[in-house]
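Chemist: Contents are mmCIF, C-alpha atoms; file name structure_0.cif:
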```
data_start
loop_
_atom_site.label_atom_id
_atom_site.label_comp_id
_atom_site.auth_asym_id
_atom_site.auth_seq_id
_atom_site.Cartn_x
_atom_site.Cartn_y
_atom_site.Cartn_z
CA MET A 1 -16.23 -1.94 19.54
CA VAL A 2 -12.82 -3.18 18.33
CA THR A 3 -11.21 0.03 19.64
CA LEU A 4 -12.92 -0.49 22.99
CA LEU A 5 -11.78 -4.12 23.21
CA ALA A 6 -8.27 -3.14 22.15
CA GLY A 7 -8.12 -0.60 24.98
CA ILE A 8 -9.04 -3.36 27.43
CA PHE A 9 -6.94 -6.28 26.15
CA ILE A 10 -3.97 -4.70 24.34
CA ARG A 11 -1.30 -2.79 26.18
CA ASP A 12 0.18 0.15 24.21
CA ALA A 13 -2.63 -0.27 21.69
CA LYS A 14 -1.47 2.71 19.59
CA GLU A 15 1.97 1.21 18.90
CA TYR A 16 0.91 -0.39 15.62
CA ASP A 17 4.49 -1.04 14.45
CA ASP A 18 5.27 -3.13 17.52
CA PRO A 19 5.18 -6.83 16.46
CA THR A 20 3.50 -7.93 19.72
CA VAL A 21 0.80 -5.25 19.50
CA ARG A 22 0.29 -6.05 15.81
CA ARG A 23 -0.18 -9.76 16.52
CA LYS A 24 -2.67 -9.06 19.32
CA TYR A 25 -4.71 -6.80 17.04
CA GLY A 26 -4.82 -9.52 14.39
CA MET A 27 -5.95 -12.13 16.90
CA LEU A 28 -8.55 -9.77 18.43
CA CYS A 29 -10.05 -8.88 15.04
CA GLY A 30 -10.06 -12.56 14.07
CA ALA A 31 -11.87 -13.58 17.27
CA PHE A 32 -14.39 -10.74 16.92
CA GLY A 33 -14.99 -11.76 13.28
CA ILE A 34 -15.65 -15.38 14.31
CA LEU A 35 -18.26 -14.27 16.85
CA LEU A 36 -20.12 -11.92 14.47
CA ASN A 37 -20.08 -14.37 11.54
CA ILE A 38 -21.41 -17.27 13.63
CA LEU A 39 -24.26 -15.07 14.89
CA LEU A 40 -25.08 -13.98 11.33
CA PHE A 41 -24.98 -17.60 10.15
CA GLY A 42 -27.45 -18.68 12.81
CA PHE A 43 -29.95 -15.92 12.10
CA LYS A 44 -29.69 -16.22 8.30
CA PHE A 45 -29.92 -20.01 8.33
CA PHE A 46 -33.11 -19.74 10.35
CA ALA A 47 -34.50 -17.16 7.91
CA GLY A 48 -33.51 -19.32 4.94
CA MET A 49 -35.25 -22.40 6.35
CA VAL A 50 -38.41 -20.45 7.12
CA SER A 51 -38.57 -18.74 3.72
CA GLY A 52 -37.28 -21.63 1.61
CA SER A 53 -34.86 -19.26 -0.16
CA VAL A 54 -31.68 -20.83 -1.50
CA ALA A 55 -30.14 -17.35 -1.77
CA ILE A 56 -30.65 -16.65 1.96
CA THR A 57 -29.44 -20.12 2.95
CA ALA A 58 -26.39 -19.79 0.70
CA ASP A 59 -25.69 -16.36 2.17
CA ALA A 60 -25.88 -17.95 5.62
CA PHE A 61 -23.27 -20.56 4.74
CA ASN A 62 -21.15 -17.80 3.23
CA ASN A 63 -21.08 -16.24 6.70
CA LEU A 64 -20.14 -19.61 8.17
CA SER A 65 -17.20 -19.81 5.76
CA ASP A 66 -16.31 -16.27 6.84
CA ALA A 67 -16.16 -17.49 10.44
CA GLY A 68 -13.71 -20.17 9.29
CA SER A 69 -11.75 -17.50 7.45
CA SER A 70 -11.58 -15.39 10.61
CA LEU A 71 -10.33 -18.45 12.51
CA ILE A 72 -7.59 -18.96 9.91
CA THR A 73 -6.66 -15.27 10.18
CA LEU A 74 -6.46 -15.57 13.96
CA VAL A 75 -4.26 -18.67 13.77
CA GLY A 76 -2.17 -17.02 11.06
CA PHE A 77 -1.41 -13.98 13.20
CA ARG A 78 -0.64 -16.23 16.17
CA ALA A 79 1.78 -18.37 14.14
CA ALA A 80 3.35 -15.34 12.41
CA GLY A 81 4.35 -13.99 15.81
CA MET A 82 6.40 -17.08 16.68
CA ARG A 83 10.11 -16.48 17.12
CA PRO A 84 12.66 -17.59 14.52
CA ASP A 85 14.00 -21.09 15.04
CA LYS A 86 16.66 -23.36 13.58
CA GLU A 87 14.48 -24.42 10.62
CA HIS A 88 13.08 -20.91 10.01
CA PRO A 89 15.85 -18.39 10.79
CA PHE A 90 13.86 -15.56 9.18
CA GLY A 91 10.82 -16.17 11.37
CA HIS A 92 7.26 -17.23 10.53
CA GLY A 93 5.84 -13.92 9.32
CA ARG A 94 4.78 -15.28 5.94
CA VAL A 95 2.27 -17.53 7.70
CA GLU A 96 0.03 -14.45 7.73
CA TYR A 97 0.17 -14.32 3.92
CA VAL A 98 -0.50 -18.05 3.70
CA SER A 99 -3.53 -17.73 6.00
CA GLY A 100 -4.87 -14.89 3.84
CA PHE A 101 -4.48 -17.03 0.73
CA VAL A 102 -6.30 -19.95 2.39
CA VAL A 103 -9.14 -17.55 3.24
CA ALA A 104 -9.30 -16.53 -0.43
CA VAL A 105 -9.44 -20.16 -1.59
CA LEU A 106 -12.31 -20.88 0.82
CA VAL A 107 -14.20 -17.86 -0.50
CA LEU A 108 -13.72 -19.08 -4.09
CA LEU A 109 -14.93 -22.59 -3.22
CA MET A 110 -18.02 -21.18 -1.51
CA GLY A 111 -18.74 -19.04 -4.57
CA LEU A 112 -18.53 -22.05 -6.90
CA GLU A 113 -20.81 -24.10 -4.65
CA LEU A 114 -23.37 -21.28 -4.52
CA LEU A 115 -23.22 -20.92 -8.30
CA LYS A 116 -24.06 -24.61 -8.71
CA ASP A 117 -26.96 -24.45 -6.24
CA SER A 118 -28.35 -21.32 -7.92
CA VAL A 119 -28.33 -22.94 -11.37
CA GLU A 120 -30.23 -25.92 -9.93
CA LYS A 121 -32.73 -23.49 -8.38
CA ILE A 122 -33.33 -21.90 -11.79
CA ILE A 123 -33.92 -25.32 -13.37
CA ARG A 124 -36.16 -26.50 -10.50
CA PRO A 125 -37.59 -23.38 -8.76
CA GLN A 126 -39.20 -23.68 -5.33
CA GLN A 127 -41.74 -21.43 -3.66
CA ILE A 128 -40.38 -18.67 -1.39
CA PHE A 129 -42.19 -17.46 1.74
CA VAL A 130 -41.42 -13.83 2.53
CA SER A 131 -41.55 -12.66 6.15
CA GLY A 132 -40.78 -9.43 7.92
CA LEU A 133 -38.35 -11.32 10.15
CA SER A 134 -36.28 -12.47 7.13
CA VAL A 135 -36.12 -8.94 5.78
CA ALA A 136 -35.09 -7.56 9.19
CA ILE A 137 -32.35 -10.20 9.59
CA LEU A 138 -30.91 -9.41 6.16
CA ALA A 139 -31.02 -5.64 6.79
CA VAL A 140 -29.18 -6.04 10.11
CA SER A 141 -26.67 -8.33 8.40
CA ILE A 142 -25.83 -5.63 5.86
CA LEU A 143 -25.15 -3.14 8.66
CA VAL A 144 -22.98 -5.65 10.56
CA LYS A 145 -20.95 -6.47 7.43
CA ALA A 146 -20.49 -2.74 6.74
CA TYR A 147 -19.02 -2.37 10.23
CA MET A 148 -16.77 -5.43 9.75
CA ALA A 149 -15.52 -4.07 6.42
CA TYR A 150 -14.77 -0.74 8.09
CA TYR A 151 -12.77 -2.07 11.03
CA ASN A 152 -10.90 -4.68 8.98
CA HIS A 153 -9.91 -2.10 6.36
CA SER A 154 -8.96 0.43 9.03
CA MET A 155 -6.85 -2.03 11.02
CA GLY A 156 -5.40 -3.59 7.86
CA LYS A 157 -4.18 -0.14 6.82
CA LYS A 158 -2.74 0.70 10.25
CA LEU A 159 -1.03 -2.68 10.60
CA GLY A 160 -0.05 -3.07 6.94
CA SER A 161 -1.80 -6.46 6.87
CA SER A 162 -2.79 -7.93 3.49
CA ALA A 163 -4.79 -10.66 5.27
CA MET A 164 -6.99 -8.11 7.07
CA LYS A 165 -7.40 -6.05 3.89
CA ALA A 166 -8.55 -9.24 2.14
CA THR A 167 -11.06 -9.83 4.94
CA ALA A 168 -12.36 -6.27 4.47
CA VAL A 169 -12.88 -6.89 0.75
CA ASP A 170 -14.71 -10.11 1.62
CA SER A 171 -17.00 -8.21 4.01
CA LEU A 172 -17.81 -5.66 1.31
CA SER A 173 -18.72 -8.45 -1.11
CA ASP A 174 -20.93 -9.97 1.60
CA MET A 175 -22.74 -6.63 1.89
CA ALA A 176 -23.37 -6.62 -1.84
CA ALA A 177 -24.40 -10.28 -1.82
CA THR A 178 -26.91 -9.81 1.01
CA SER A 179 -28.28 -6.72 -0.74
CA VAL A 180 -28.95 -8.85 -3.82
CA VAL A 181 -30.72 -11.44 -1.67
CA LEU A 182 -32.86 -8.67 -0.18
CA MET A 183 -33.60 -7.50 -3.71
CA SER A 184 -34.80 -10.99 -4.68
CA ILE A 185 -37.26 -10.94 -1.78
CA GLY A 186 -38.50 -7.54 -2.93
CA ILE A 187 -39.07 -8.86 -6.46
CA VAL A 188 -41.15 -11.73 -5.12
CA GLU A 189 -43.16 -9.41 -2.88
CA LEU A 190 -43.81 -6.71 -5.51
CA TRP A 191 -44.25 -8.65 -8.75
CA GLY A 192 -44.59 -12.28 -7.67
CA ILE A 193 -41.57 -13.30 -9.76
CA ASN A 194 -39.33 -15.99 -8.29
CA ALA A 195 -35.85 -14.58 -9.04
CA ASP A 196 -34.20 -16.53 -6.22
CA GLY A 197 -31.93 -18.60 -8.46
CA TRP A 198 -30.89 -15.64 -10.60
CA CYS A 199 -30.14 -13.55 -7.53
CA GLY A 200 -28.20 -16.48 -6.14
CA ILE A 201 -26.02 -16.36 -9.28
CA LEU A 202 -25.40 -12.66 -8.71
CA VAL A 203 -24.41 -13.40 -5.10
CA ALA A 204 -22.05 -16.12 -6.36
CA VAL A 205 -20.44 -13.68 -8.79
CA PHE A 206 -19.87 -11.19 -5.96
CA ILE A 207 -18.31 -13.91 -3.82
CA LEU A 208 -16.09 -15.21 -6.63
CA PHE A 209 -14.86 -11.71 -7.41
CA ALA A 210 -14.11 -11.11 -3.73
CA GLY A 211 -12.19 -14.40 -3.61
CA TYR A 212 -10.17 -13.42 -6.65
CA GLN A 213 -9.35 -10.01 -5.17
CA ALA A 214 -8.34 -11.55 -1.85
CA ALA A 215 -6.17 -14.19 -3.56
CA ARG A 216 -4.39 -11.54 -5.62
CA GLU A 217 -3.85 -9.42 -2.49
CA THR A 218 -2.28 -12.25 -0.50
CA ILE A 219 -0.36 -14.26 -3.09
CA SER A 220 1.72 -11.30 -4.30
CA PRO A 221 3.72 -11.00 -1.03
CA LEU A 222 4.40 -14.73 -1.17
CA LEU A 223 5.86 -14.39 -4.68
CA GLY A 224 7.77 -11.22 -3.78
CA VAL A 225 6.51 -7.74 -4.63
CA LYS A 226 8.00 -4.31 -5.10
CA PRO A 227 8.12 -2.48 -1.73
CA GLU A 228 5.93 0.54 -1.12
CA PRO A 229 7.42 3.85 -2.37
CA GLU A 230 6.99 5.39 1.10
CA PHE A 231 9.21 2.67 2.58
CA ILE A 232 11.93 3.31 -0.01
CA ASP A 233 11.71 7.07 0.59
CA LYS A 234 12.32 6.47 4.30
CA ILE A 235 15.39 4.35 3.50
CA TYR A 236 16.84 7.11 1.31
CA SER A 237 16.06 9.72 3.95
CA ILE A 238 17.81 7.79 6.74
CA VAL A 239 20.90 6.79 4.74
CA LEU A 240 21.46 10.12 2.98
CA SER A 241 21.00 12.08 6.21
CA HIS A 242 24.65 11.16 6.93
CA GLU A 243 27.00 13.50 5.09
CA GLU A 244 29.57 10.74 4.58
CA VAL A 245 27.18 8.99 2.16
CA VAL A 246 27.08 10.65 -1.27
CA GLY A 247 24.83 8.16 -3.06
CA VAL A 248 22.59 5.11 -2.60
CA HIS A 249 21.75 2.34 -5.09
CA ASP A 250 21.04 -1.39 -5.47
CA ILE A 251 18.37 -1.36 -2.76
CA ILE A 252 16.86 -4.84 -2.37
CA VAL A 253 14.05 -5.57 0.11
CA HIS A 254 13.27 -9.15 1.14
CA ASP A 255 9.88 -9.48 2.84
CA TYR A 256 9.60 -12.50 5.16
CA GLY A 257 6.35 -11.23 6.64
CA PRO A 258 5.34 -8.18 8.68
CA GLY A 259 8.16 -7.24 11.04
CA ARG A 260 10.52 -9.64 9.22
CA VAL A 261 12.12 -7.46 6.53
CA MET A 262 15.70 -7.94 5.31
CA LEU A 263 17.30 -5.01 3.48
CA SER A 264 20.51 -4.70 1.48
CA LEU A 265 21.88 -1.65 -0.30
CA HIS A 266 25.05 -0.05 -1.64
CA ALA A 267 26.20 3.25 -0.16
CA GLU A 268 28.63 5.42 -2.11
CA VAL A 269 31.26 6.96 0.16
CA PRO A 270 34.30 9.15 -0.54
CA GLY A 271 37.19 6.84 -1.40
CA GLU A 272 39.80 9.10 0.20
CA GLU A 273 38.17 9.06 3.66
CA ASP A 274 39.36 6.90 6.54
CA ILE A 275 37.84 3.44 6.05
CA TYR A 276 37.51 2.76 9.78
CA ARG A 277 35.50 5.94 10.33
CA LEU A 278 33.31 5.17 7.31
CA HIS A 279 32.70 1.66 8.62
CA GLU A 280 31.57 3.13 11.92
CA VAL A 281 29.14 5.42 10.06
CA ILE A 282 27.73 2.46 8.13
CA ASP A 283 27.21 0.54 11.39
CA THR A 284 25.31 3.54 12.77
CA ILE A 285 23.08 3.68 9.69
CA GLU A 286 22.31 -0.03 9.94
CA GLY A 287 21.27 0.50 13.56
CA GLU A 288 18.98 3.39 12.58
CA LEU A 289 17.31 1.36 9.84
CA ASP A 290 16.71 -1.44 12.34
CA SER A 291 15.23 0.79 15.05
CA ARG A 292 13.15 3.09 12.82
CA LEU A 293 11.97 0.70 10.10
CA GLN A 294 12.11 -2.63 11.99
CA CYS A 295 14.30 -4.25 9.36
CA GLU A 296 17.67 -5.96 9.42
CA SER A 297 20.03 -4.33 6.95
CA VAL A 298 23.34 -5.06 5.26
CA ILE A 299 25.12 -2.11 3.63
CA HIS A 300 27.93 -2.49 1.11
CA MET A 301 30.33 0.46 0.82
CA ASP A 302 31.26 1.64 -2.67
CA PRO A 303 34.23 4.04 -2.68
CA VAL A 304 33.84 6.84 -5.25
CA GLU A 305 35.67 10.03 -6.21
CA ALA A 306 33.67 12.63 -4.30
CA HIS A 307 36.01 15.60 -4.69
CA ASN A 308 37.89 15.03 -7.96
CA GLU A 309 36.57 17.72 -10.32
CA LYS A 310 37.66 15.89 -13.49
CA VAL A 311 35.92 12.65 -12.47
CA LEU A 312 32.77 14.51 -11.38
CA ALA A 313 32.63 16.38 -14.70
CA LEU A 314 33.02 13.12 -16.68
CA ARG A 315 30.31 11.47 -14.62
CA LYS A 316 27.95 14.37 -15.31
CA GLU A 317 28.51 14.05 -19.06
CA VAL A 318 27.98 10.28 -19.04
CA GLU A 319 24.77 10.78 -17.06
CA GLN A 320 23.65 13.22 -19.75
CA PHE A 321 24.36 10.69 -22.55
CA VAL A 322 22.29 8.09 -20.71
CA ARG A 323 19.41 10.50 -19.99
CA GLU A 324 19.28 11.62 -23.62
CA PHE A 325 18.89 7.98 -24.60
CA ASP A 326 16.11 7.35 -22.05
CA GLU A 327 15.01 9.41 -19.03
CA SER A 328 14.17 6.24 -17.10
CA LEU A 329 17.83 5.12 -17.04
CA SER A 330 20.41 6.09 -14.43
CA ILE A 331 24.05 5.36 -13.57
CA HIS A 332 26.00 4.75 -10.38
CA ASP A 333 29.38 3.52 -9.12
CA PHE A 334 31.18 5.79 -11.56
CA ARG A 335 34.96 5.59 -11.16
CA MET A 336 38.19 5.82 -13.14
CA ALA A 337 40.98 3.25 -13.31
CA GLY A 338 43.92 2.10 -15.42
CA GLY A 339 46.05 5.25 -15.29
CA LYS A 340 47.32 7.16 -18.35
CA ALA A 341 48.35 4.04 -20.26
CA ALA A 342 44.85 2.50 -20.49
CA PRO A 343 42.31 4.86 -18.84
CA LYS A 344 38.98 3.25 -18.04
CA MET A 345 35.51 4.52 -17.21
CA ILE A 346 33.77 2.00 -14.97
CA PHE A 347 30.11 2.37 -14.02
CA ASP A 348 26.72 0.64 -13.85
CA VAL A 349 23.63 1.53 -15.90
CA VAL A 350 20.26 0.80 -14.26
CA THR A 351 17.20 -0.05 -16.38
CA PRO A 352 13.59 -0.59 -15.23
CA GLN A 353 12.17 -4.07 -14.94
CA GLU A 354 10.63 -5.32 -18.23
CA TYR A 355 12.65 -2.78 -20.21
CA ALA A 356 12.01 -2.95 -23.96
CA LEU A 357 15.69 -3.02 -25.00
CA SER A 358 18.20 -5.71 -24.12
CA ASP A 359 21.18 -5.09 -21.85
CA TRP A 360 23.44 -5.42 -24.89
CA GLU A 361 21.57 -2.68 -26.79
CA VAL A 362 21.79 -0.29 -23.85
CA ARG A 363 25.49 -1.00 -23.32
CA ASP A 364 26.24 -0.64 -27.04
CA TYR A 365 24.57 2.78 -27.25
CA VAL A 366 26.39 4.17 -24.19
CA GLU A 367 29.76 2.82 -25.38
CA ARG A 368 29.30 4.41 -28.82
CA GLU A 369 28.34 7.79 -27.32
CA ILE A 370 31.37 7.80 -25.03
CA ALA A 371 33.66 6.72 -27.91
CA LYS A 372 32.51 9.76 -29.94
CA HIS A 373 33.52 12.21 -27.22
CA TYR A 374 36.25 10.33 -25.33
CA PRO A 375 37.87 7.80 -27.70
CA GLU A 376 40.88 7.43 -25.40
CA TYR A 377 38.80 5.74 -22.68
CA ILE A 378 37.94 2.07 -22.34
CA CYS A 379 34.39 1.55 -21.06
CA VAL A 380 33.55 -1.13 -18.51
CA ILE A 381 29.77 -1.03 -18.20
CA LYS A 382 27.47 -3.30 -16.23
CA VAL A 383 23.72 -3.10 -17.04
CA GLU A 384 21.42 -4.13 -14.20
CA LYS A 385 17.74 -4.00 -13.26
CA ALA A 386 16.10 -1.79 -10.64
CA TYR A 387 14.42 -3.75 -7.84
CA VAL A 388 12.67 -0.74 -6.27
#
```
What do you get writing this file as structure tokens?
Modeler:
Amino acid sequence: MVTLLAGIFIRDAKEYDDPTVRRKYGMLCGAFGILLNILLFGFKFFAGMVSGSVAITADAFNNLSDAGSSLITLVGFRAAGMRPDKEHPFGHGRVEYVSGFVVAVLVLLMGLELLKDSVEKIIRPQQIFVSGLSVAILAVSILVKAYMAYYNHSMGKKLGSSAMKATAVDSLSDMAATSVVLMSIGIVELWGINADGWCGILVAVFILFAGYQAARETISPLLGVKPEPEFIDKIYSIVLSHEEVVGVHDIIVHDYGPGRVMLSLHAEVPGEEDIYRLHEVIDTIEGELDSRLQCESVIHMDPVEAHNEKVLALRKEVEQFVREFDESLSIHDFRMAGGKAAPKMIFDVVTPQEYALSDWEVRDYVEREIAKHYPEYICVIKVEKAYV
């Protein structure tokens, strides 16, 4: 159904990377979710009133909260597509993450409310009236939620949307919650045991877990997360496809929301080449990154000795010292300076985030190893963290 509607209302519907197409998909899925959730609420609320089941009624209001969540998602996609302005020069893309987090908070609040009602139902149980209509409504609801989980997950993956992925997780939890409600009706029908309150607690647990998952999924981009490996691989592929670039390091990705990515990196280039030609190459690379990855990039040129055999041999040995110490470490920006009077080896050592040893310990080890083999050199070492 979503694919059919997209074909009608969205031009170039297959261009998922296009910001306009992406925003329209988000708004379409949000509007479709509002419609389905309101219908489910109406039918379940009716079934809950007829049967007197707190679990069914609570499940109905869970669908109503889902309709509100879909509305927030719709508004979030609409706001995220707004153009940058004077107060927000990097755009409004993070509104989508904020809307996803608000959805998660609403889910958590609904779970807590249901948990309270279910405990009261255990303390003061009420009679439940089972009907074929109630069972049919719940069964249809499970199928509808399965479809909603499918299309939200599918579109969330295609669009790279954490908000839609969170909505998919919420739909899956709704499936499980409604299945538990259906189970409680079966227990009453088969054994005459009123397990409504206990099943309501199980539903609440499902909802709370879904809220937690959704919150974790949406708050991480707001705090700043490590970019996907596939994205980094594409950056390396584009930059290193130019023969003038002999190395890439210090890649930093700033995510201001889908379609609002800022990228900075250092490109090692031969120091003896013409700087004007190299600058032109760097401008070309920045243009390619913008057109192919939809990100604004800033590239810093690092001149290195690309053809000096002595420097290349020394770099290889230093790399070996560092690798013998720890395979997870690497070096870059290796260069020589100072002349014969006070020769220097200057380079950076990169350690993973949350590395067990301090920067001082890493630097001390590398300096001692170099001093054993090349005591005539002064080492100038900078230890830094890897951001990707």
Chemist: In Å, rounded to a single decimal, give me how far atom CA of Met110 of chain A is from atom CA of Val135 of chain A.
Modeler: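 Taking atom CA of Val135 of chain A and atom CA of Met110 of chain A, their separation equals 23.0 Å.
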Chemist: Taking (-17.8, -0.7, 8.9) in the file's coordinates, which residues come within 10 Å, counting only C-alpha atoms, written as a list of chain:residue names?
Modeler: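 With a cut-off of 10 Å, the residues come to A:Ile142, A:Leu143, A:Val144, A:Lys145, A:Ala146, A:Tyr147, A:Met148, A:Ala149, A:Tyr150, A:Tyr151, A:Asn152, A:His153, A:Ser154, A:Ala168, A:Ser171, A:Leu172.
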Chemist: Step by step, work through what the PyMOL selection byres ((chain A and resi 286) around 12) selects in the shown file, and finish by giving those residues as a PyMOL selection string.
Modeler: chain A and resi 235+238-239+242+262-267+279-285+287-300
Chemist: Which one is closest to His92 of chain A: A:Phe41, A:Tyr25, A:Tyr374, A:Tyr256? Count all atoms listed in the file.
Modeler: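 Using all atoms listed in the file, His92 of chain A sits closest to A:Tyr256.
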Chemist: With distances taken over all atoms listed in the file, which of A:Leu202, A:Val246, A:Ala210, A:Ala104 is nearest to Ser184 of chain A?
Modeler: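 Once distances to Ser184 of chain A are computed over all atoms listed in the file, the minimum belongs to A:Leu202.
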Chemist: My list of candidates is A:Ala356, A:Arg83, A:Tyr365, A:Met345. Which is closest to Ile381 of chain A when distances are computed with all atoms listed in the file?
Modeler: A:Met345
Chemist: Could you check which of A:Pro352, A:Pro125, A:Gly200, A:Gly42 is closest to Ile137 of chain A, using all atoms listed in the file?
Modeler: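 For Ile137 of chain A, the nearest of the given residues is A:Gly42.
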Chemist: Selected by the PyMOL selection byres ((chain A and resi 72-80) around 6) in the shown coordinates: which residues, as a PyMOL selection string?
Modeler: chain A and resi 23+26-27+30+69-71+81-82+92-93+95-96+99
Chemist: Selected residues, C-alpha atoms, written as a tab-separated table (two decimals), keeping the file's coordinate frame, please.
Modeler:
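Listing of result-v9.tsv after writing:
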```tsv
chain	number	residue	atom	x	y	z
A	23	ARG	CA	-0.18	-9.76	16.52
A	26	GLY	CA	-4.82	-9.52	14.39
A	27	MET	CA	-5.95	-12.13	16.90
A	30	GLY	CA	-10.06	-12.56	14.07
A	69	SER	CA	-11.75	-17.50	7.45
A	70	SER	CA	-11.58	-15.39	10.61
A	71	LEU	CA	-10.33	-18.45	12.51
A	81	GLY	CA	4.35	-13.99	15.81
A	82	MET	CA	6.40	-17.08	16.68
A	92	HIS	CA	7.26	-17.23	10.53
A	93	GLY	CA	5.84	-13.92	9.32
A	95	VAL	CA	2.27	-17.53	7.70
A	96	GLU	CA	0.03	-14.45	7.73
A	99	SER	CA	-3.53	-17.73	6.00
```
Chemist: Find the spatial neighbours of Glu228 of chain A, counting only C-alpha atoms, within a cut-off of 12 Å - ignore same-chain residues fewer than 6 positions away - and output them as a PyMOL selection string.
Modeler: chain A and resi 160+221+234-235+253+255+387-388
Chemist: Could those selected residues go to a file with C-alpha atoms, as a short mmCIF file (atom, residue, chain, number, x, y, z; two decimals), keeping the file's coordinate frame?
Modeler:
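selection.cif written:
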```cif
data_model
loop_
_atom_site.label_atom_id
_atom_site.label_comp_id
_atom_site.auth_asym_id
_atom_site.auth_seq_id
_atom_site.Cartn_x
_atom_site.Cartn_y
_atom_site.Cartn_z
CA GLY A 160 -0.05 -3.07 6.94
CA PRO A 221 3.72 -11.00 -1.03
CA LYS A 234 12.32 6.47 4.30
CA ILE A 235 15.39 4.35 3.50
CA VAL A 253 14.05 -5.57 0.11
CA ASP A 255 9.88 -9.48 2.84
CA TYR A 387 14.42 -3.75 -7.84
CA VAL A 388 12.67 -0.74 -6.27
#
```
Chemist: Could you work out how far atom CA of Ala58 of chain A lies from atom CA of Leu114 of chain A, giving the answer in Å with one decimal?
Modeler: 6.2 Å
Chemist: For Trp198 of chain A, find every residue with an atom within 9 Å (counting only C-alpha atoms), except residues of its own chain fewer than 6 positions away, and show them as a list in words.
Modeler: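 Counting only the stated atoms, we get Ser118, Val119, Lys121, Ile122 and Ser184 of chain A.
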Chemist: Could you check how far atom CA of His307 of chain A sits from atom CA of Glu244 of chain A, in Å to one decimal?
Modeler: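 So the two atoms, atom CA of His307 of chain A and atom CA of Glu244 of chain A, lie 12.3 Å apart.
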Chemist: Taking the file as shown, find all residues satisfying the PyMOL selection byres ((chain A and resi 66) around 10) and write them as JSON, numbers by chain.
Modeler: {"A": [33, 34, 36, 37, 38, 41, 60, 61, 62, 63, 64, 65, 67, 68, 69, 70, 71, 72, 103, 106, 107, 110, 167, 170, 171, 174]}
